[in-house]
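Trainee: Next comes data-v6.cif, mmCIF, C-alpha atoms:
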data_upload
#
loop_
_atom_site.label_atom_id
_atom_site.label_comp_id
_atom_site.auth_asym_id
_atom_site.auth_seq_id
_atom_site.Cartn_x
_atom_site.Cartn_y
_atom_site.Cartn_z
CA MET A 1212 3.18 0.42 -24.75
CA LYS A 1213 3.12 -1.52 -21.49
CA PHE A 1214 2.04 0.35 -18.38
CA ALA A 1215 1.33 -0.56 -14.77
CA LEU A 1216 -1.20 0.80 -12.34
CA VAL A 1217 -0.01 0.93 -8.75
CA PHE A 1218 -2.12 1.66 -5.67
CA PRO A 1219 -0.95 3.70 -2.65
CA GLY A 1220 -1.24 2.51 0.94
CA GLN A 1221 -1.49 4.04 4.36
CA GLY A 1222 0.14 7.45 4.65
CA SER A 1223 -1.21 8.96 1.43
CA GLN A 1224 -4.56 9.92 3.00
CA SER A 1225 -5.65 13.50 3.58
CA LEU A 1226 -8.88 15.22 4.56
CA GLY A 1227 -10.99 16.06 1.51
CA MET A 1228 -8.72 14.10 -0.83
CA MET A 1229 -11.54 12.87 -3.06
CA ALA A 1230 -12.70 16.43 -3.87
CA ALA A 1231 -9.74 16.60 -6.27
CA TYR A 1232 -11.63 14.29 -8.65
CA GLY A 1233 -14.72 16.48 -8.92
CA ASP A 1234 -18.25 15.41 -8.13
CA ASN A 1235 -18.17 12.23 -10.19
CA PRO A 1236 -20.96 9.68 -9.61
CA VAL A 1237 -18.63 6.67 -9.95
CA ILE A 1238 -16.52 7.97 -7.03
CA ARG A 1239 -19.56 8.46 -4.82
CA GLU A 1240 -21.05 5.11 -5.82
CA THR A 1241 -17.83 3.31 -4.91
CA PHE A 1242 -17.77 4.94 -1.48
CA SER A 1243 -21.46 4.13 -1.02
CA GLU A 1244 -20.77 0.46 -1.84
CA ALA A 1245 -17.87 0.33 0.62
CA SER A 1246 -19.84 2.15 3.34
CA THR A 1247 -22.70 -0.35 3.02
CA ALA A 1248 -20.25 -3.26 3.34
CA LEU A 1249 -18.65 -1.68 6.41
CA GLY A 1250 -21.78 -0.37 8.09
CA ARG A 1251 -20.50 3.19 8.45
CA ASP A 1252 -20.21 6.29 6.28
CA LEU A 1253 -16.73 6.46 4.74
CA TRP A 1254 -17.64 9.38 2.48
CA GLN A 1255 -18.53 11.65 5.39
CA LEU A 1256 -15.27 10.68 7.10
CA VAL A 1257 -13.10 11.44 4.07
CA ALA A 1258 -14.99 14.64 3.22
CA GLU A 1259 -15.49 16.12 6.69
CA GLY A 1260 -13.10 14.32 9.03
CA PRO A 1261 -12.04 14.98 11.70
CA ALA A 1262 -8.45 14.44 10.56
CA GLU A 1263 -7.66 12.54 13.77
CA ALA A 1264 -10.28 9.93 12.88
CA LEU A 1265 -9.14 9.82 9.25
CA ASN A 1266 -5.61 8.97 10.40
CA GLN A 1267 -6.62 6.14 12.74
CA THR A 1268 -5.40 2.89 11.20
CA VAL A 1269 -8.81 1.23 11.47
CA ASN A 1270 -10.28 4.04 9.33
CA THR A 1271 -7.33 4.80 7.07
CA GLN A 1272 -7.02 1.31 5.64
CA PRO A 1273 -10.66 0.95 4.45
CA LEU A 1274 -10.58 4.55 3.19
CA MET A 1275 -7.43 4.15 1.11
CA LEU A 1276 -8.62 0.81 -0.28
CA THR A 1277 -11.88 2.43 -1.37
CA ALA A 1278 -10.14 5.52 -2.75
CA GLY A 1279 -7.84 3.43 -4.95
CA VAL A 1280 -10.73 1.38 -6.31
CA ALA A 1281 -12.81 4.53 -6.88
CA VAL A 1282 -10.04 6.15 -8.96
CA TYR A 1283 -9.57 2.91 -10.91
CA ARG A 1284 -13.28 2.89 -11.77
CA LEU A 1285 -13.05 6.55 -12.78
CA TRP A 1286 -10.09 5.63 -15.01
CA GLN A 1287 -12.18 2.89 -16.64
CA GLN A 1288 -15.19 5.18 -17.08
CA MET A 1289 -13.04 7.80 -18.80
CA GLY A 1290 -11.78 5.24 -21.30
CA GLY A 1291 -8.60 4.05 -19.60
CA ARG A 1292 -7.18 0.79 -20.95
CA THR A 1293 -6.59 -2.28 -18.83
CA PRO A 1294 -3.01 -2.16 -17.51
CA SER A 1295 -0.42 -4.80 -18.31
CA VAL A 1296 0.15 -5.40 -14.60
CA VAL A 1297 -0.92 -3.98 -11.22
CA ALA A 1298 0.55 -3.81 -7.72
CA GLY A 1299 -0.09 -1.97 -4.48
CA HIS A 1300 2.12 -0.74 -1.67
CA SER A 1301 1.26 -2.71 1.50
CA LEU A 1302 -2.47 -2.03 2.00
CA GLY A 1303 -2.59 -0.94 -1.66
CA GLU A 1304 -2.17 -4.60 -2.67
CA TYR A 1305 -5.83 -5.09 -1.68
CA SER A 1306 -6.90 -2.29 -4.06
CA ALA A 1307 -4.84 -3.98 -6.80
CA LEU A 1308 -6.57 -7.30 -6.14
CA VAL A 1309 -10.01 -5.67 -6.36
CA ALA A 1310 -8.98 -4.00 -9.64
CA ALA A 1311 -7.84 -7.42 -10.93
CA ASN A 1312 -11.21 -8.96 -9.94
CA VAL A 1313 -9.65 -11.31 -7.39
CA LEU A 1314 -12.19 -10.26 -4.78
CA PRO A 1315 -15.12 -7.83 -4.76
CA LEU A 1316 -14.88 -4.50 -2.95
CA ALA A 1317 -17.70 -5.59 -0.61
CA ASP A 1318 -15.48 -8.42 0.68
CA ALA A 1319 -12.24 -6.45 0.64
CA VAL A 1320 -13.40 -3.52 2.82
CA PRO A 1321 -14.35 -5.51 5.95
CA LEU A 1322 -11.28 -7.72 5.42
CA VAL A 1323 -9.03 -4.67 5.44
CA GLU A 1324 -10.80 -3.29 8.53
CA LEU A 1325 -10.06 -6.58 10.30
CA ARG A 1326 -6.43 -6.32 9.12
CA ALA A 1327 -6.16 -2.82 10.58
CA LYS A 1328 -7.69 -3.84 13.92
CA ALA A 1329 -5.47 -6.92 14.12
CA MET A 1330 -2.34 -4.89 13.41
CA GLN A 1331 -3.28 -2.35 16.07
CA GLN A 1332 -4.01 -5.07 18.62
CA ALA A 1333 -0.77 -6.98 17.90
CA VAL A 1334 1.40 -4.33 19.55
CA PRO A 1335 0.08 -1.93 22.24
CA ASN A 1336 0.20 1.75 21.34
CA GLY A 1337 3.62 3.21 22.13
CA VAL A 1338 5.42 -0.16 22.32
CA GLY A 1339 6.34 -0.19 18.63
CA ALA A 1340 7.74 2.39 16.22
CA MET A 1341 8.85 2.93 12.63
CA ALA A 1342 11.56 5.17 11.19
CA ALA A 1343 12.51 6.16 7.64
CA ILE A 1344 16.23 5.91 6.92
CA LEU A 1345 17.39 8.18 4.10
CA GLY A 1346 20.61 7.93 2.15
CA LEU A 1347 22.06 4.67 3.48
CA ASP A 1348 22.46 1.35 1.67
CA VAL A 1349 20.38 -1.66 2.71
CA PRO A 1350 23.26 -3.84 3.99
CA SER A 1351 24.35 -1.04 6.34
CA ILE A 1352 20.77 -0.56 7.57
CA GLU A 1353 20.36 -4.28 8.18
CA ALA A 1354 23.68 -4.35 10.05
CA ALA A 1355 22.53 -1.43 12.22
CA CYS A 1356 19.30 -3.29 13.02
CA ALA A 1357 21.20 -6.44 13.96
CA GLU A 1358 23.52 -4.47 16.24
CA SER A 1359 20.66 -2.54 17.85
CA ALA A 1360 18.15 -5.32 18.55
CA GLN A 1361 19.61 -6.30 21.95
CA GLY A 1362 16.95 -8.95 22.46
CA GLN A 1363 14.17 -6.83 20.92
CA VAL A 1364 12.83 -6.65 17.36
CA VAL A 1365 13.99 -4.10 14.79
CA GLN A 1366 13.94 -4.91 11.07
CA ALA A 1367 14.07 -3.27 7.65
CA VAL A 1368 10.46 -3.53 6.49
CA ASN A 1369 9.76 -1.14 3.60
CA PHE A 1370 12.24 -1.01 0.74
CA ASN A 1371 10.63 2.05 -0.85
CA SER A 1372 13.49 3.31 -3.03
CA PRO A 1373 17.28 2.96 -3.15
CA GLU A 1374 17.48 6.10 -0.97
CA GLN A 1375 14.70 5.28 1.50
CA THR A 1376 14.22 2.21 3.68
CA VAL A 1377 11.82 2.06 6.63
CA ILE A 1378 12.65 0.12 9.78
CA ALA A 1379 10.15 -1.12 12.39
CA GLY A 1380 10.02 -2.95 15.71
CA HIS A 1381 10.14 -2.20 19.42
CA ALA A 1382 10.33 1.56 19.97
CA GLU A 1383 13.62 1.49 21.92
CA ALA A 1384 15.29 -0.78 19.37
CA VAL A 1385 14.09 1.40 16.49
CA GLN A 1386 15.59 4.47 18.17
CA ARG A 1387 18.89 2.63 18.73
CA ALA A 1388 18.93 1.47 15.10
CA ALA A 1389 18.08 4.96 13.82
CA ASP A 1390 21.04 6.37 15.78
CA ALA A 1391 23.27 3.57 14.48
CA CYS A 1392 22.21 4.32 10.89
CA LYS A 1393 23.13 7.96 11.34
CA ALA A 1394 26.50 6.89 12.73
CA LYS A 1395 27.00 4.77 9.59
CA GLY A 1396 26.35 7.77 7.34
CA ALA A 1397 22.58 8.00 6.85
CA LYS A 1398 21.53 11.49 5.76
CA ARG A 1399 18.46 11.38 8.00
CA ALA A 1400 16.57 9.01 10.28
CA ILE A 1401 12.98 10.16 10.78
CA LEU A 1402 10.60 8.59 13.29
CA LEU A 1403 7.21 8.13 11.58
CA PRO A 1404 3.87 9.12 13.15
CA VAL A 1405 2.33 5.63 13.06
CA SER A 1406 0.37 3.68 15.63
CA ALA A 1407 2.00 0.27 15.06
CA PRO A 1408 5.26 -1.22 13.70
CA PHE A 1409 3.85 -2.52 10.42
CA HIS A 1410 5.43 -5.36 8.43
CA CYS A 1411 7.86 -6.53 11.12
CA SER A 1412 7.69 -9.90 12.90
CA LEU A 1413 5.72 -8.32 15.78
CA MET A 1414 2.75 -8.34 13.37
CA GLN A 1415 2.60 -12.15 13.32
CA PRO A 1416 -0.56 -12.23 15.53
CA ALA A 1417 -2.26 -10.02 12.92
CA ALA A 1418 -1.20 -12.39 10.14
CA GLU A 1419 -2.79 -15.29 12.01
CA LYS A 1420 -6.11 -13.43 12.35
CA LEU A 1421 -6.00 -12.60 8.64
CA GLN A 1422 -5.45 -16.25 7.81
CA ILE A 1423 -8.61 -17.25 9.67
CA ARG A 1424 -10.72 -14.60 7.89
CA LEU A 1425 -9.25 -15.27 4.44
CA ALA A 1426 -10.19 -18.94 4.76
CA ASP A 1427 -13.85 -17.84 4.48
CA ILE A 1428 -13.38 -15.55 1.46
CA LYS A 1429 -13.54 -16.80 -2.12
CA LEU A 1430 -10.72 -15.46 -4.25
CA SER A 1431 -10.80 -15.61 -8.06
CA VAL A 1432 -8.05 -15.92 -10.64
CA PRO A 1433 -6.73 -12.41 -11.49
CA THR A 1434 -7.88 -10.93 -14.79
CA VAL A 1435 -4.73 -8.74 -14.72
CA PRO A 1436 -1.35 -9.90 -13.34
CA VAL A 1437 -0.80 -8.71 -9.75
CA VAL A 1438 2.77 -8.49 -8.40
CA ASN A 1439 2.61 -9.19 -4.69
CA ASN A 1440 4.63 -7.45 -1.96
CA VAL A 1441 5.98 -10.43 -0.11
CA ASP A 1442 7.48 -12.55 -2.93
CA VAL A 1443 7.54 -10.08 -5.87
CA ALA A 1444 5.56 -12.77 -7.69
CA GLU A 1445 2.51 -12.97 -9.95
CA GLU A 1446 0.25 -15.71 -8.59
CA ASN A 1447 -2.85 -17.21 -10.23
CA SER A 1448 -3.77 -19.70 -7.52
CA ALA A 1449 -6.31 -18.48 -4.94
CA VAL A 1450 -4.48 -20.47 -2.26
CA LYS A 1451 -1.15 -18.79 -3.08
CA ILE A 1452 -2.70 -15.31 -3.29
CA SER A 1453 -4.31 -15.81 0.12
CA ASP A 1454 -1.06 -17.12 1.61
CA ALA A 1455 0.86 -14.11 0.26
CA LEU A 1456 -1.65 -11.72 1.87
CA VAL A 1457 -1.30 -13.50 5.19
CA ARG A 1458 2.51 -13.37 5.12
CA GLN A 1459 2.52 -9.76 3.89
CA ALA A 1460 1.27 -8.44 7.25
CA ALA A 1461 4.48 -9.45 9.05
CA ALA A 1462 6.95 -9.31 6.15
CA PRO A 1463 8.75 -6.52 4.27
CA VAL A 1464 7.29 -4.53 1.36
CA ARG A 1465 9.78 -5.11 -1.47
CA TRP A 1466 8.80 -2.10 -3.58
CA VAL A 1467 12.15 -1.52 -5.30
CA GLU A 1468 12.13 -5.12 -6.52
CA ILE A 1469 8.51 -4.79 -7.68
CA MET A 1470 9.42 -1.79 -9.84
CA ARG A 1471 12.40 -3.64 -11.31
CA HIS A 1472 10.26 -6.72 -11.95
CA MET A 1473 7.85 -4.55 -13.92
CA GLN A 1474 10.63 -2.90 -15.89
CA VAL A 1475 12.16 -6.27 -16.83
CA GLY A 1476 8.68 -7.28 -18.01
CA GLY A 1477 8.63 -4.36 -20.45
CA VAL A 1478 6.67 -1.77 -18.45
CA THR A 1479 7.68 1.80 -19.31
CA HIS A 1480 5.07 3.85 -17.38
CA VAL A 1481 3.96 3.42 -13.77
CA ILE A 1482 0.67 5.20 -13.08
CA GLU A 1483 -0.30 5.80 -9.44
CA CYS A 1484 -4.02 5.12 -9.04
CA GLY A 1485 -5.34 7.05 -6.06
CA PRO A 1486 -4.58 10.00 -3.78
CA GLY A 1487 -0.94 10.88 -3.26
CA LYS A 1488 2.20 11.04 -5.39
CA VAL A 1489 4.63 8.88 -3.44
CA LEU A 1490 4.72 5.81 -5.69
CA SER A 1491 4.87 7.73 -8.96
CA GLY A 1492 7.66 9.82 -7.46
CA VAL A 1493 9.91 6.88 -6.58
CA ALA A 1494 9.34 4.81 -9.74
CA LYS A 1495 12.25 6.19 -11.75
CA ARG A 1496 14.54 6.03 -8.71
CA CYS A 1497 13.77 2.34 -8.30
CA ALA A 1498 14.35 1.36 -11.93
CA GLU A 1499 16.10 3.50 -14.52
CA GLY A 1500 13.87 4.39 -17.44
CA LEU A 1501 10.53 4.02 -15.67
CA MET A 1502 8.21 7.02 -16.00
CA GLY A 1503 5.95 7.75 -13.02
CA ILE A 1504 2.58 9.46 -13.44
CA SER A 1505 0.26 10.47 -10.58
CA MET A 1506 -3.54 10.33 -10.78
CA SER A 1507 -3.99 12.23 -7.53
CA ASP A 1508 -6.63 14.51 -9.09
CA LEU A 1509 -8.85 14.75 -12.17
CA SER A 1510 -6.22 16.52 -14.28
CA GLY A 1511 -3.79 13.74 -13.39
CA VAL A 1512 -6.25 11.14 -14.65
CA GLU A 1513 -6.67 13.10 -17.89
CA ALA A 1514 -2.88 13.41 -18.30
CA ALA A 1515 -2.40 9.66 -17.73
CA LEU A 1516 -5.12 8.87 -20.28
CA ALA A 1517 -3.38 11.07 -22.83
CA VAL A 1518 -0.05 9.29 -22.30
CA VAL A 1519 -1.57 5.82 -22.57
CA LYS A 1520 -3.43 6.75 -25.78
CA GLU A 1521 -0.22 7.91 -27.51
#
Reformat the file's structure so that it appears as structure tokens.

Mentor:
Amino acid sequence: MKFALVFPGQGSQSLGMMAAYGDNPVIRETFSEASTALGRDLWQLVAEGPAEALNQTVNTQPLMLTAGVAVYRLWQQMGGRTPSVVAGHSLGEYSALVAANVLPLADAVPLVELRAKAMQQAVPNGVGAMAAILGLDVPSIEAACAESAQGQVVQAVNFNSPEQTVIAGHAEAVQRAADACKAKGAKRAILLPVSAPFHCSLMQPAAEKLQIRLADIKLSVPTVPVVNNVDVAEENSAVKISDALVRQAAAPVRWVEIMRHMQVGGVTHVIECGPGKVLSGVAKRCAEGLMGISMSDLSGVEAALAVVKE
């Protein structure tokens, strides 16, 4: 049986989310390691909040990275097998790379904090926006974006499932495109509560800052194949992995294609490693026959272990 572990990104966080895994030492040790690398207490933030701080991009990204790695280590401790392949949604790609031993958590956490700060600084608060378009095909969404740009930026940036695509760019252009999508037959167009227009070309300044930082970080050859977001490719070269991370900041997340790539490779089960149930929920909608399993709490980890041992 071939299975994949996938790691959630920003948006799956919630106050107290790690309590769902019980008081396990490996969870606390992972957060302690990340907190030391960052110079601030991530465990107190995730356990006690406040929620406003938890949801700030500069905090959310290091927290979700650490949470994914912590659940992966719990999986390993409880006897979980090494997956056939791993991937992560946007920020989750960094958790996948830590799980595949491409870079240590102590390097990944400050790198992700820099990524978050750079993304926030690239576009002033309120200038950019994102919206989820439900129930409209990609060509129609892309046409709506092209019609609505009017000299500004608005692009399809997250291909999350055949029924859900997220657009991002300048706030006015995103609103125009959302209205245009509804006019073309979209079931809904929902503005998202985010602080920056992630993964669109406005994030290019953030990509450039990432490139400078990544030049000083040693990346290793993956011990498990990692499917990246930007090319839907499995890279073994440190140079190519670094380049893909740089480009990922200002390029779309091709999640539907990632799921189909895994299915073609023989994967039958996609196990979401970390808080949240978004990725496990969309797996079967992205590729027929895929089974999604969530490890959003301790019972979920136990259920995933039971399936993998069959």

Trainee: Could you make a table, as CSV, of the residues of stretch 1300-1347 of chain A that have an atom within 8 Å of an atom of stretch 1391-1409 of chain A, each with its nearest atom pair and distance in Å to one decimal, counting all atoms listed in the file, in chain and number order?

Mentor:
residue,atom,partner,partner_atom,distance
A:Met1330,CA,A:Ala1407,CA,6.9
A:Gln1331,CA,A:Ala1407,CA,6.0
A:Val1334,CA,A:Ala1407,CA,6.5
A:Pro1335,CA,A:Ala1407,CA,7.8
A:Asn1336,CA,A:Ser1406,CA,6.0
A:Gly1337,CA,A:Ser1406,CA,7.3
A:Gly1339,CA,A:Pro1408,CA,5.2
A:Ala1340,CA,A:Pro1408,CA,5.1
A:Met1341,CA,A:Leu1403,CA,5.6
A:Ala1342,CA,A:Leu1402,CA,4.1
A:Ala1343,CA,A:Ile1401,CA,5.1
A:Ile1344,CA,A:Ala1400,CA,4.6
A:Leu1345,CA,A:Arg1399,CA,5.2
A:Gly1346,CA,A:Ala1397,CA,5.1
A:Leu1347,CA,A:Ala1397,CA,4.8

Trainee: Kindly resolve the PyMOL selection byres ((chain A and resi 1500) around 12) on the present coordinates and return the residues as a ChimeraX atom specification.

Mentor: /A:1470-1471,1473-1475,1477-1481,1493-1499,1501-1503

Trainee: Keeping only C-alpha atoms, write those residues as a PDB file, in the frame of the given file.

Mentor:
ATOM      1  CA  MET A1470       9.420  -1.790  -9.840  1.00  0.00           C
ATOM      2  CA  ARG A1471      12.400  -3.640 -11.310  1.00  0.00           C
ATOM      3  CA  MET A1473       7.850  -4.550 -13.920  1.00  0.00           C
ATOM      4  CA  GLN A1474      10.630  -2.900 -15.890  1.00  0.00           C
ATOM      5  CA  VAL A1475      12.160  -6.270 -16.830  1.00  0.00           C
ATOM      6  CA  GLY A1477       8.630  -4.360 -20.450  1.00  0.00           C
ATOM      7  CA  VAL A1478       6.670  -1.770 -18.450  1.00  0.00           C
ATOM      8  CA  THR A1479       7.680   1.800 -19.310  1.00  0.00           C
ATOM      9  CA  HIS A1480       5.070   3.850 -17.380  1.00  0.00           C
ATOM     10  CA  VAL A1481       3.960   3.420 -13.770  1.00  0.00           C
ATOM     11  CA  VAL A1493       9.910   6.880  -6.580  1.00  0.00           C
ATOM     12  CA  ALA A1494       9.340   4.810  -9.740  1.00  0.00           C
ATOM     13  CA  LYS A1495      12.250   6.190 -11.750  1.00  0.00           C
ATOM     14  CA  ARG A1496      14.540   6.030  -8.710  1.00  0.00           C
ATOM     15  CA  CYS A1497      13.770   2.340  -8.300  1.00  0.00           C
ATOM     16  CA  ALA A1498      14.350   1.360 -11.930  1.00  0.00           C
ATOM     17  CA  GLU A1499      16.100   3.500 -14.520  1.00  0.00           C
ATOM     18  CA  LEU A1501      10.530   4.020 -15.670  1.00  0.00           C
ATOM     19  CA  MET A1502       8.210   7.020 -16.000  1.00  0.00           C
ATOM     20  CA  GLY A1503       5.950   7.750 -13.020  1.00  0.00           C
TER      21      GLY A1503
END

Trainee: Restricting the calculation to only C-alpha atoms: of A:Leu1490, A:Arg1326, A:Lys1451, A:Ala1354, which residue gets closest to A:Ile1423?

Mentor: A:Arg1326

Trainee: Running the PyMOL selection byres ((chain A and resi 1441-1445) around 7) on this model by hand, what would come out? Give it as a PyMOL selection string.

Mentor: chain A and resi 1436-1440+1446-1447+1455+1458-1459+1462-1465+1468-1469

Trainee: Please compute the atom CA of A:Leu1216-atom CA of A:Val1349 distance, one decimal, in Å.

Mentor: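 For atom CA of A:Leu1216 relative to atom CA of A:Val1349, the distance reads 26.4 Å.
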
Trainee: Which of these residues is nearest to A:Ala1514, using all atoms listed in the file: A:Met1289, A:Leu1325, A:Ala1258, A:Val1217?

Mentor: A:Met1289

Trainee: Calculated over all atoms listed in the file, which of the candidates A:Ser1359, A:Ala1389, A:Asp1318, A:Val1365 has the smallest distance to A:Asp1427?

Mentor: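 Under the stated criterion, the closest residue is A:Asp1318.
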
Trainee: Name the residues in contact with A:Asp1508 at a cut-off of 8 Å, using all atoms listed in the file, excluding same-chain residues fewer than 2 positions from it; report them as a PDB file with C-alpha atoms, keeping the file's coordinate frame.

Mentor:
ATOM      1  CA  MET A1229     -11.540  12.870  -3.060  1.00  0.00           C
ATOM      2  CA  ALA A1231      -9.740  16.600  -6.270  1.00  0.00           C
ATOM      3  CA  TYR A1232     -11.630  14.290  -8.650  1.00  0.00           C
ATOM      4  CA  PRO A1486      -4.580  10.000  -3.780  1.00  0.00           C
ATOM      5  CA  MET A1506      -3.540  10.330 -10.780  1.00  0.00           C
ATOM      6  CA  SER A1510      -6.220  16.520 -14.280  1.00  0.00           C
ATOM      7  CA  GLY A1511      -3.790  13.740 -13.390  1.00  0.00           C
ATOM      8  CA  VAL A1512      -6.250  11.140 -14.650  1.00  0.00           C
TER       9      VAL A1512
END

Trainee: Could you check how far atom CA of A:Ser1243 sits from atom CA of A:Leu1456, in Å to one decimal?

Mentor: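 Atom CA of A:Leu1456 lies 25.5 Å from atom CA of A:Ser1243.
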
Trainee: Taking the file above as input, evaluate the PyMOL selection byres ((chain A and resi 1357) around 12) and report the hits as a ChimeraX atom specification.

Mentor: /A:1350-1356,1358-1367,1378,1380,1384-1385,1387-1389,1391-1392

Trainee: Tell me which of A:Gly1220, A:Pro1261, A:Gly1476, A:Pro1321 sits closest to A:Glu1304, counting all atoms listed in the file.

Mentor: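 Once distances to A:Glu1304 are computed over all atoms listed in the file, the minimum belongs to A:Gly1220.
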
Trainee: Could you work out how far atom CA of A:Ala1248 lies from atom CA of A:Ala1319, giving the answer in Å with one decimal?

Mentor: 9.0 Å

Trainee: Here is a test: counting all atoms listed in the file, which residue of A:Leu1430, A:Val1338, A:Ala1417, A:Ile1238 is nearest to A:Tyr1283?

Mentor: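 When distances to A:Tyr1283 are compared using all atoms listed in the file, the smallest one comes from A:Ile1238.
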
Trainee: Export stretch 1286-1323 of chain A from the structure block above, keeping C-alpha atoms, as a compact mmCIF listing (two decimals), in the first residue's frame.

Mentor:
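So the final result, stored in selection32.txt, reads:
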# COMPACT_ATOMS: atom_id res chain seq x y z
CA TRP A 1286 3.33 9.46 14.04
CA GLN A 1287 6.87 8.07 13.97
CA GLN A 1288 6.93 7.50 17.74
CA MET A 1289 3.66 5.56 17.57
CA GLY A 1290 5.08 3.24 14.91
CA GLY A 1291 3.97 4.99 11.73
CA ARG A 1292 5.77 3.88 8.58
CA THR A 1293 7.70 6.21 6.32
CA PRO A 1294 5.33 7.48 3.61
CA SER A 1295 5.90 6.85 -0.09
CA VAL A 1296 5.78 10.58 -0.77
CA VAL A 1297 5.09 13.86 1.07
CA ALA A 1298 3.82 17.33 0.14
CA GLY A 1299 2.55 20.42 1.89
CA HIS A 1300 0.05 23.12 0.98
CA SER A 1301 1.92 26.43 0.59
CA LEU A 1302 3.62 26.92 3.97
CA GLY A 1303 3.08 23.18 4.59
CA GLU A 1304 5.78 22.45 2.01
CA TYR A 1305 8.33 23.52 4.64
CA SER A 1306 6.92 20.94 7.10
CA ALA A 1307 7.19 18.32 4.34
CA LEU A 1308 10.82 19.24 3.72
CA VAL A 1309 11.64 18.93 7.43
CA ALA A 1310 9.91 15.53 7.51
CA ALA A 1311 12.00 14.48 4.48
CA ASN A 1312 15.21 15.62 6.24
CA VAL A 1313 15.95 18.32 3.67
CA LEU A 1314 16.50 20.88 6.43
CA PRO A 1315 16.35 20.75 10.22
CA LEU A 1316 13.46 22.30 12.13
CA ALA A 1317 15.88 24.75 13.79
CA ASP A 1318 16.69 26.22 10.35
CA ALA A 1319 13.15 25.99 8.98
CA VAL A 1320 11.41 27.96 11.76
CA PRO A 1321 13.35 31.24 11.42
CA LEU A 1322 13.26 30.85 7.62
CA VAL A 1323 9.47 30.62 7.70
